[in-house]
Amino acid sequence: MSSDGRPRVDGETWEGSLDAARLGAELGERATLVQFSSAFCQPCRATRRTLAEVARMVDGVAHVEIDAEARLALVRELGISRTPTVLVLDAAGRIVRRAAGQPRTADVVAALGRAM
């Protein structure tokens, strides 16, 4: 988290890409919002609503939610340390942005701009 309480967004990149088989869902035509959640995470519920809303607003964007507890190998591989964590993927499945914590709609839209 940043000093003003918003989720910290960093420029971390992960070498490689995520495809439909690894995510368990189809990628968006233009970008994909991948949310790592856990069952009792209150900010995860709000994040789900925000990302679903953005995906409905922006053509070609998909929202994929992954249960972090059920997908521990992927969580470890990607260095996910808390929920919610959101990854923004470009059309090829490359991670272009990542944020931990509950994002604001404006921040998600801005991150998508970088992916598309």
# chains A, B, ... in the order shown; residues from 1 in each chain; ligands from 1
>>> residues_around(residues="Arg48 of chain A", least_positions_apart="5", cutoff="9 Å", atoms="only C-alpha atoms", output="PyMOL selection string")
chain A and resi 35+37+43+53+63+65
>>> select_by_dssp(residues="segment 5-115 of chain A", states="strand (DSSP E)", output="list of chain:residue names")
A:Val9, A:Asp10, A:Ala31, A:Thr32, A:Leu33, A:Val34, A:Gln35, A:Phe36, A:Ser37, A:Val61, A:Ala62, A:His63, A:Val64, A:Glu65, A:Ile66, A:Asp67, A:Thr85, A:Val86, A:Leu87, A:Val88, A:Leu89, A:Asp90, A:Ile95, A:Val96, A:Arg97, A:Arg98, A:Ala99, A:Ala100
>>> closest_residue(among="A:Cys44, A:Val75, A:Val34, A:Met57", to="Gln102 of chain A", atoms="only C-alpha atoms")
A:Cys44
>>> select_by_dssp(residues="chain A", states="helix (DSSP H, G or I)", output="NGL selection string")
:A and (20-23 or 42-57 or 72-78 or 105-115)
>>> closest_residue(among="A:Ala70, A:Met116, A:Val86, A:Leu78", to="Arg98 of chain A", atoms="only C-alpha atoms")
A:Val86
>>> atom_distance(atom1="atom CA of Gly28 of chain A", atom2="atom CA of Phe40 of chain A")
27.2 Å
>>> closest_residue(among="A:Ala106, A:Ile66, A:Leu87, A:Leu51", to="Gly24 of chain A", atoms="only C-alpha atoms")
A:Ile66
>>> residues_around(residues="Ser81 of chain A", least_positions_apart="5", cutoff="10 Å", atoms="only C-alpha atoms", output="PyMOL selection string")
chain A and resi 36+68+75-76+100
>>> write_last_selection(atoms="N, CA, C and O atoms", output="tab-separated table (two decimals), in the first residue's frame")
chain	number	residue	atom	x	y	z
A	36	PHE	N	-6.59	-12.45	-8.02
A	36	PHE	CA	-6.34	-13.53	-7.06
A	36	PHE	C	-7.08	-13.18	-5.78
A	36	PHE	O	-6.86	-12.10	-5.21
A	68	ALA	N	-6.95	-18.16	-4.76
A	68	ALA	CA	-5.52	-18.29	-4.45
A	68	ALA	C	-5.22	-19.58	-3.70
A	68	ALA	O	-4.19	-20.22	-3.93
A	75	VAL	N	0.16	-19.21	-7.60
A	75	VAL	CA	0.38	-18.09	-6.67
A	75	VAL	C	1.86	-17.96	-6.35
A	75	VAL	O	2.43	-16.86	-6.39
A	76	ARG	N	2.50	-19.08	-6.04
A	76	ARG	CA	3.93	-19.04	-5.70
A	76	ARG	C	4.77	-18.65	-6.92
A	76	ARG	O	5.71	-17.88	-6.80
A	100	ALA	N	-1.60	-4.77	-5.60
A	100	ALA	CA	-2.10	-5.50	-4.43
A	100	ALA	C	-3.04	-4.57	-3.68
A	100	ALA	O	-2.76	-3.39	-3.52
>>> closest_residue(among="A:Arg49, A:Arg97, A:Arg30, A:Arg82", to="Val61 of chain A", atoms="only C-alpha atoms")
A:Arg30
>>> closest_residue(among="A:Ile80, A:Ala46, A:Ala91, A:Leu72", to="Ala20 of chain A", atoms="only C-alpha atoms")
A:Ala91
>>> residues_around(residues="Glu29 of chain A", least_positions_apart="6", cutoff="9 Å", atoms="only C-alpha atoms", output="list in words")
Asp59, Gly60, Val61, Ala62, Asp90, Ala91 and Ala92 of chain A
